[in-house]
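Coordinates from my_file_7.tsv are shown below (TSV, C-alpha atoms and all ligand atoms).
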chain	number	residue	atom	x	y	z
A	1	MET	CA	82.92	-97.98	62.17
A	2	ASN	CA	84.54	-101.29	61.23
A	3	ASN	CA	88.03	-102.48	61.90
A	4	ASP	CA	89.13	-103.48	58.39
A	5	SER	CA	92.80	-103.90	59.32
A	6	GLY	CA	92.32	-107.28	60.97
A	7	ALA	CA	91.97	-108.39	64.56
A	8	ILE	CA	93.26	-111.12	66.83
A	9	LEU	CA	91.30	-113.68	68.83
A	10	VAL	CA	93.33	-115.56	71.45
A	11	ILE	CA	91.82	-118.84	72.63
A	12	SER	CA	93.33	-120.53	75.67
A	13	GLY	CA	92.24	-123.21	78.07
A	14	PRO	CA	93.45	-126.49	79.50
A	15	SER	CA	94.25	-129.26	77.08
A	16	GLY	CA	90.98	-131.18	76.70
A	17	SER	CA	88.77	-128.16	77.47
A	18	GLY	CA	87.34	-128.34	73.94
A	19	LYS	CA	89.19	-125.57	72.05
A	20	SER	CA	89.57	-127.54	68.81
A	21	THR	CA	86.03	-128.94	68.98
A	22	LEU	CA	84.53	-125.48	69.54
A	23	LEU	CA	86.60	-123.88	66.78
A	24	ASN	CA	85.44	-126.59	64.37
A	25	GLU	CA	81.86	-125.72	65.28
A	26	ILE	CA	82.15	-122.00	64.56
A	27	THR	CA	84.68	-121.42	61.77
A	28	SER	CA	82.16	-121.72	58.92
A	29	ASP	CA	80.20	-118.81	60.39
A	30	ILE	CA	82.67	-116.12	61.48
A	31	GLY	CA	83.80	-114.61	58.17
A	32	GLU	CA	87.32	-114.61	56.80
A	33	TYR	CA	89.79	-115.89	59.34
A	34	TYR	CA	93.32	-117.25	59.55
A	35	PHE	CA	94.03	-119.98	62.10
A	36	SER	CA	97.65	-119.68	63.14
A	37	ILE	CA	99.43	-123.02	62.89
A	38	SER	CA	101.94	-123.12	65.72
A	39	THR	CA	105.33	-124.77	65.62
A	40	THR	CA	106.05	-127.34	68.30
A	41	THR	CA	108.69	-129.79	69.45
A	42	ARG	CA	106.06	-132.15	70.92
A	43	LYS	CA	105.53	-135.55	69.31
A	44	ILE	CA	102.76	-135.84	66.76
A	45	ARG	CA	99.55	-137.40	68.16
A	46	LYS	CA	97.36	-140.01	66.53
A	47	GLY	CA	95.01	-138.22	64.10
A	48	GLU	CA	97.24	-135.16	63.68
A	49	THR	CA	98.88	-134.04	60.42
A	50	ASP	CA	102.12	-132.10	60.12
A	51	GLY	CA	101.43	-128.64	58.66
A	52	VAL	CA	97.72	-128.84	59.55
A	53	HIS	CA	97.56	-129.12	63.35
A	54	TYR	CA	101.13	-127.97	64.00
A	55	HIS	CA	104.47	-127.70	62.28
A	56	PHE	CA	106.30	-130.49	64.11
A	57	VAL	CA	110.03	-129.77	64.40
A	58	SER	CA	113.08	-130.86	66.37
A	59	GLU	CA	114.31	-128.83	69.34
A	60	GLU	CA	117.31	-127.79	67.25
A	61	GLU	CA	115.07	-126.37	64.48
A	62	PHE	CA	112.90	-124.61	67.06
A	63	LYS	CA	115.92	-122.94	68.66
A	64	LYS	CA	117.10	-121.77	65.24
A	65	ASP	CA	113.68	-120.12	64.66
A	66	ILE	CA	114.00	-118.36	68.04
A	67	LYS	CA	117.44	-117.09	67.03
A	68	ASP	CA	116.09	-115.89	63.67
A	69	ASP	CA	113.34	-113.92	65.49
A	70	ASP	CA	110.62	-115.86	63.64
A	71	PHE	CA	108.17	-115.97	66.55
A	72	LEU	CA	105.62	-113.43	67.72
A	73	GLU	CA	105.75	-115.41	70.98
A	74	TYR	CA	106.87	-118.80	72.18
A	75	ALA	CA	106.62	-120.75	75.40
A	76	PHE	CA	107.63	-123.97	77.11
A	77	VAL	CA	104.40	-125.86	77.86
A	78	HIS	CA	104.00	-129.42	79.22
A	79	GLY	CA	107.71	-130.08	78.62
A	80	ASN	CA	107.68	-128.99	74.95
A	81	TYR	CA	108.25	-125.78	73.03
A	82	TYR	CA	105.37	-124.10	71.21
A	83	GLY	CA	105.66	-120.93	69.11
A	84	THR	CA	103.53	-118.61	66.98
A	85	SER	CA	105.09	-117.60	63.67
A	86	LEU	CA	105.07	-113.87	63.12
A	87	LYS	CA	105.04	-113.44	59.32
A	88	PRO	CA	101.90	-115.38	58.31
A	89	ALA	CA	99.96	-113.70	61.14
A	90	GLN	CA	101.13	-110.26	60.00
A	91	SER	CA	100.10	-110.84	56.40
A	92	ALA	CA	96.68	-112.22	57.45
A	93	LEU	CA	96.15	-109.11	59.60
A	94	LYS	CA	97.10	-106.87	56.66
A	95	SER	CA	94.43	-108.52	54.51
A	96	GLY	CA	91.82	-107.78	57.18
A	97	LYS	CA	91.37	-111.31	58.50
A	98	LEU	CA	90.52	-112.42	62.00
A	99	VAL	CA	93.69	-114.14	63.21
A	100	ILE	CA	93.00	-116.94	65.69
A	101	PHE	CA	95.69	-118.12	68.10
A	102	ASP	CA	95.21	-121.27	70.18
A	103	ILE	CA	97.95	-120.51	72.69
A	104	ASP	CA	98.58	-120.92	76.41
A	105	VAL	CA	98.38	-118.32	79.19
A	106	GLN	CA	102.02	-117.25	78.73
A	107	GLY	CA	101.38	-116.63	75.01
A	108	ASN	CA	98.28	-114.58	75.82
A	109	THR	CA	100.34	-112.28	78.04
A	110	VAL	CA	102.90	-111.66	75.28
A	111	VAL	CA	100.31	-111.12	72.52
A	112	ASN	CA	98.40	-108.70	74.76
A	113	ASN	CA	101.56	-106.78	75.59
A	114	ARG	CA	102.55	-106.52	71.92
A	115	LEU	CA	99.18	-106.20	70.14
A	116	GLY	CA	96.65	-105.57	72.92
A	117	ASP	CA	94.60	-102.94	71.11
A	118	ILE	CA	93.54	-105.38	68.38
A	119	THR	CA	93.35	-108.48	70.61
A	120	THR	CA	90.37	-110.14	72.27
A	121	SER	CA	91.09	-113.08	74.55
A	122	VAL	CA	88.86	-115.91	75.63
A	123	PHE	CA	89.47	-118.69	78.11
A	124	ILE	CA	87.68	-121.98	77.51
A	125	SER	CA	87.06	-124.01	80.64
A	126	PRO	CA	85.51	-127.42	81.16
A	127	PRO	CA	82.70	-127.29	83.76
A	128	SER	CA	84.86	-129.07	86.38
A	129	LEU	CA	88.15	-130.84	86.96
A	130	SER	CA	86.46	-134.25	87.04
A	131	ILE	CA	84.79	-133.61	83.66
A	132	LEU	CA	88.17	-132.53	82.23
A	133	LYS	CA	89.71	-135.83	83.45
A	134	TYR	CA	86.86	-137.78	81.90
A	135	ARG	CA	87.17	-135.97	78.54
A	136	LEU	CA	90.95	-136.38	78.36
A	137	GLU	CA	90.64	-140.09	79.12
A	138	SER	CA	87.81	-140.52	76.58
A	139	ARG	CA	89.80	-138.68	73.87
A	140	LYS	CA	92.29	-141.58	74.03
A	141	THR	CA	95.13	-139.56	72.50
A	142	ASP	CA	97.46	-139.43	75.49
A	143	THR	CA	99.06	-141.85	77.94
A	144	GLN	CA	97.97	-141.75	81.60
A	145	GLU	CA	101.26	-140.05	82.48
A	146	VAL	CA	100.61	-137.26	79.93
A	147	ILE	CA	97.00	-136.91	81.12
A	148	ASP	CA	98.17	-136.56	84.74
A	149	ARG	CA	100.61	-133.82	83.67
A	150	ARG	CA	97.87	-131.98	81.73
A	151	ILE	CA	95.55	-132.16	84.76
A	152	MET	CA	98.28	-130.69	86.95
A	153	MET	CA	98.82	-127.90	84.41
A	154	ALA	CA	95.05	-127.27	84.16
A	155	LYS	CA	94.91	-126.47	87.89
A	156	LYS	CA	97.56	-123.78	87.32
A	157	GLU	CA	96.02	-122.43	84.09
A	158	ILE	CA	92.64	-121.89	85.76
A	159	GLN	CA	94.33	-119.37	88.09
A	160	HIS	CA	94.84	-117.07	85.06
A	161	ILE	CA	91.20	-116.67	83.95
A	162	SER	CA	91.09	-113.07	85.19
A	163	GLU	CA	93.71	-112.14	82.54
A	164	TYR	CA	91.13	-112.83	79.81
A	165	ASP	CA	88.32	-110.72	78.34
A	166	TYR	CA	85.87	-113.65	78.33
A	167	LEU	CA	85.31	-117.01	79.99
A	168	VAL	CA	83.36	-119.68	78.11
A	169	ILE	CA	82.37	-122.75	80.11
A	170	ASN	CA	82.20	-125.66	77.72
A	171	ASP	CA	79.39	-127.71	79.23
A	172	ASN	CA	76.72	-127.96	76.54
A	173	LEU	CA	78.68	-127.91	73.27
A	174	GLN	CA	76.09	-126.03	71.17
A	175	GLU	CA	75.57	-123.32	73.81
A	176	ALA	CA	79.31	-122.82	74.26
A	177	ALA	CA	79.77	-122.66	70.47
A	178	GLN	CA	77.09	-119.96	70.18
A	179	THR	CA	78.81	-117.89	72.87
A	180	LEU	CA	82.22	-118.28	71.25
A	181	LYS	CA	80.76	-117.32	67.87
A	182	SER	CA	79.37	-114.07	69.33
A	183	ILE	CA	82.76	-113.28	70.88
A	184	ALA	CA	84.56	-113.99	67.58
A	185	LYS	CA	82.20	-111.69	65.69
A	186	ALA	CA	82.57	-108.92	68.28
A	187	SER	CA	86.37	-109.27	68.29
A	188	ARG	CA	86.41	-108.04	64.67
A	189	LEU	CA	84.77	-104.80	65.79
A	190	LYS	CA	87.50	-103.91	68.26
A	191	ILE	CA	88.98	-100.65	67.01
A	192	PRO	CA	92.72	-99.92	67.34
A	193	MET	CA	93.53	-96.79	69.37
A	194	GLN	CA	95.11	-95.10	66.34
A	195	ASP	CA	91.88	-95.46	64.31
A	196	ILE	CA	89.82	-94.09	67.20
A	197	ASN	CA	92.06	-91.02	67.41
A	198	GLU	CA	91.86	-90.48	63.63
A	199	PHE	CA	88.08	-90.80	63.73
A	200	ALA	CA	87.84	-88.29	66.58
A	201	GLN	CA	89.99	-85.83	64.62
A	202	ARG	CA	87.93	-86.16	61.42
A	203	TRP	CA	84.57	-86.29	63.22
A	204	GLU	CA	83.70	-82.59	63.04
A	205	ASP	CA	84.35	-82.52	59.28
A	206	ILE	CA	82.29	-85.59	58.36
B	1	LIG	P1	91.40	-129.21	73.26
B	1	LIG	O1	91.48	-128.81	71.81
B	1	LIG	O2	91.09	-128.05	74.16
B	1	LIG	O3	92.60	-129.97	73.73
B	1	LIG	P2	89.34	-131.07	72.36
B	1	LIG	O4	88.55	-130.21	71.44
B	1	LIG	O5	90.28	-132.07	71.74
B	1	LIG	O6	90.15	-130.18	73.44
B	1	LIG	O7	88.29	-131.80	73.31
B	1	LIG	C1	88.69	-132.81	74.24
B	1	LIG	C2	87.69	-133.96	74.20
B	1	LIG	O8	86.45	-133.54	74.79
B	1	LIG	C3	87.36	-134.45	72.80
B	1	LIG	O9	87.27	-135.86	72.80
B	1	LIG	C4	86.00	-133.80	72.49
B	1	LIG	O10	85.24	-134.57	71.60
B	1	LIG	C5	85.36	-133.73	73.87
B	1	LIG	N1	84.45	-132.56	74.05
B	1	LIG	C6	84.69	-131.27	73.70
B	1	LIG	N2	83.67	-130.47	74.05
B	1	LIG	C7	82.74	-131.27	74.66
B	1	LIG	C8	81.43	-131.06	75.26
B	1	LIG	N3	80.88	-129.84	75.33
B	1	LIG	N4	80.80	-132.11	75.77
B	1	LIG	C9	81.35	-133.36	75.73
B	1	LIG	N5	82.56	-133.65	75.19
B	1	LIG	C10	83.26	-132.62	74.66
B	2	LIG	P1	98.55	-129.47	72.87
B	2	LIG	O1	99.83	-130.21	73.11
B	2	LIG	O2	97.39	-130.01	73.67
B	2	LIG	O3	98.22	-129.32	71.41
B	2	LIG	O4	98.79	-127.97	73.39
B	2	LIG	C1	99.29	-127.77	74.67
B	2	LIG	C2	99.18	-126.31	75.05
B	2	LIG	O5	100.05	-125.51	74.23
B	2	LIG	C3	97.78	-125.71	74.88
B	2	LIG	O6	97.52	-124.95	76.06
B	2	LIG	C4	97.92	-124.81	73.68
B	2	LIG	O7	97.02	-123.70	73.74
B	2	LIG	C5	99.36	-124.35	73.82
B	2	LIG	N1	99.94	-123.86	72.57
B	2	LIG	C6	99.79	-124.35	71.32
B	2	LIG	N2	100.45	-123.61	70.43
B	2	LIG	C7	101.04	-122.60	71.13
B	2	LIG	C8	101.86	-121.48	70.76
B	2	LIG	O8	102.21	-121.25	69.60
B	2	LIG	N3	102.28	-120.66	71.77
B	2	LIG	C9	101.92	-120.86	73.07
B	2	LIG	N4	102.36	-119.98	73.97
B	2	LIG	N5	101.15	-121.90	73.45
B	2	LIG	C10	100.71	-122.75	72.50
Show me this structure written as structure tokens.
Ligand code: ADP
Ligand code: 5GP
Amino acid sequence: MNNDSGAILVISGPSGSGKSTLLNEITSDIGEYYFSISTTTRKIRKGETDGVHYHFVSEEEFKKDIKDDDFLEYAFVHGNYYGTSLKPAQSALKSGKLVIFDIDVQGNTVVNNRLGDITTSVFISPPSLSILKYRLESRKTDTQEVIDRRIMMAKKEIQHISEYDYLVINDNLQEAAQTLKSIAKASRLKIPMQDINEFAQRWEDI
């Protein structure tokens, strides 16, 4: 039995844990997917493109979207707003795609409360705090002040691992990518409760 009505994969983890790097490694090999492009009020980073990495907007525009009920979920993270647009995710789900959300722990709670029966969640962690510091500093995309704030946040985020279905420790990149790929493939096979009930009802007649 396959879930052909789409499924959701939530990926969370501290900034610098390797979420983008790992996703880049696996997306050519997980079938049809839709990566949700979040909207944010944070400043664009070197190497990022508006409409590709995020939709970068002003706080005023973001608050208008909240008022218009455009978000499946939104949260205030690291001093900026981030939100997941509802409509594109809904239409990707309808066409049977795997919808991938790179969102924080608050977003995971909301998505699980609203769409838990089609959602699989995975937390990506660096092997240690000192390795996270090293990777954030080597990435050279943030000031020391921003890095210090992200490290502080990471200590809090790690406390939420038990809210996730899976933990992937991103030590060796290729090994972590293989694990994440298996999780992504399995997440498509998660069957919504309604489909299970329908199957159970039809089962004797098949
Ligand atoms: P995130 O998307 O979670 O913020 P990134 O994918 O940008 O994190 O990764 C942060 C930095 O760590 C990048 O410079 C990336 O090249 C590096 N990195 C990611 N995974 C590994 C790994 N397994 N080993 C060494 N460096 C890594
Ligand atoms: P960054 O600024 O490093 O791109 O992202 C900071 C944090 O915001 C990360 O933990 C990321 O997962 C989270 N984030 C990005 N988009 C969203 C979103 O739409 N909703 C929520 N709740 N968190 C998000």
Q | From A:Lys185, A:Arg150, A:Lys63, A:Lys46, residue lying nearest ligand LIG 2 (chain B) [all atoms listed in the file] | A | A:Arg150
Q: Kindly compile the residues surrounding ligand LIG 1 (chain B) within 12 Å, counting all atoms listed in the file, and format them as a PyMOL selection string.
A: chain A and resi 11-25+45-48+53+102-104+123-128+131-142+147+150-151+154+168-178
**Q.** Nearest residue to Gln90 (chain A) from the set A:Leu189, A:Val105, A:Leu115, A:Val52 (distances using all atoms listed in the file)
**A.**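 Result for the nearest residue to Gln90 (chain A): A:Leu115.
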Where is the centre and how long are the edges: axis-aligned box on ligand LIG 2 (chain B), 3 Å on each side, Å to one decimal, as JSON:
{"center_x": 99.7, "center_y": -125.1, "center_z": 72.8, "size_x": 11.3, "size_y": 16.2, "size_z": 12.5}
Around the point (108.9, -128.0, 62.8) in the file's coordinates, collect all residues with an atom within 7 Å, using all atoms listed in the file, and return them as an mmCIF file with C-alpha atoms, in the frame of the given file.
data_model
loop_
_atom_site.group_PDB
_atom_site.id
_atom_site.type_symbol
_atom_site.label_atom_id
_atom_site.label_comp_id
_atom_site.auth_asym_id
_atom_site.auth_seq_id
_atom_site.Cartn_x
_atom_site.Cartn_y
_atom_site.Cartn_z
ATOM 1 C CA THR A 39 105.330 -124.770 65.620
ATOM 2 C CA THR A 40 106.050 -127.340 68.300
ATOM 3 C CA THR A 41 108.690 -129.790 69.450
ATOM 4 C CA HIS A 55 104.470 -127.700 62.280
ATOM 5 C CA PHE A 56 106.300 -130.490 64.110
ATOM 6 C CA VAL A 57 110.030 -129.770 64.400
ATOM 7 C CA SER A 58 113.080 -130.860 66.370
ATOM 8 C CA GLU A 61 115.070 -126.370 64.480
ATOM 9 C CA PHE A 62 112.900 -124.610 67.060
#
(Q) Here's a test: counting only C-alpha atoms, identify every protein, DNA and RNA residue with an atom at most 10 Å from (105.6, -126.0, 77.2) in the file's coordinate frame, and state them as number ranges by chain. (A) A: 40-42, 74-83, 104, 106
Q: With a distance cut-off of 9 Å and only C-alpha atoms, select the neighbouring residues of Pro192 (chain A), excluding the residue or stretch itself and same-chain residues fewer than 3 positions from it, and output the selection as a list of chain:residue names.
A: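 With the cut-off at 9 Å, the set is A:Asn3, A:Ser5, A:Ala7, A:Gly116, A:Asp117, A:Ile118, A:Asp195, A:Ile196, A:Asn197.
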**Q.** Among the residues A:Glu32, A:Asp69, A:Glu157, A:Glu145, the one that comes closest to ligand LIG 2 (chain B) [using only C-alpha atoms and all ligand atoms]
**A.** A:Glu157
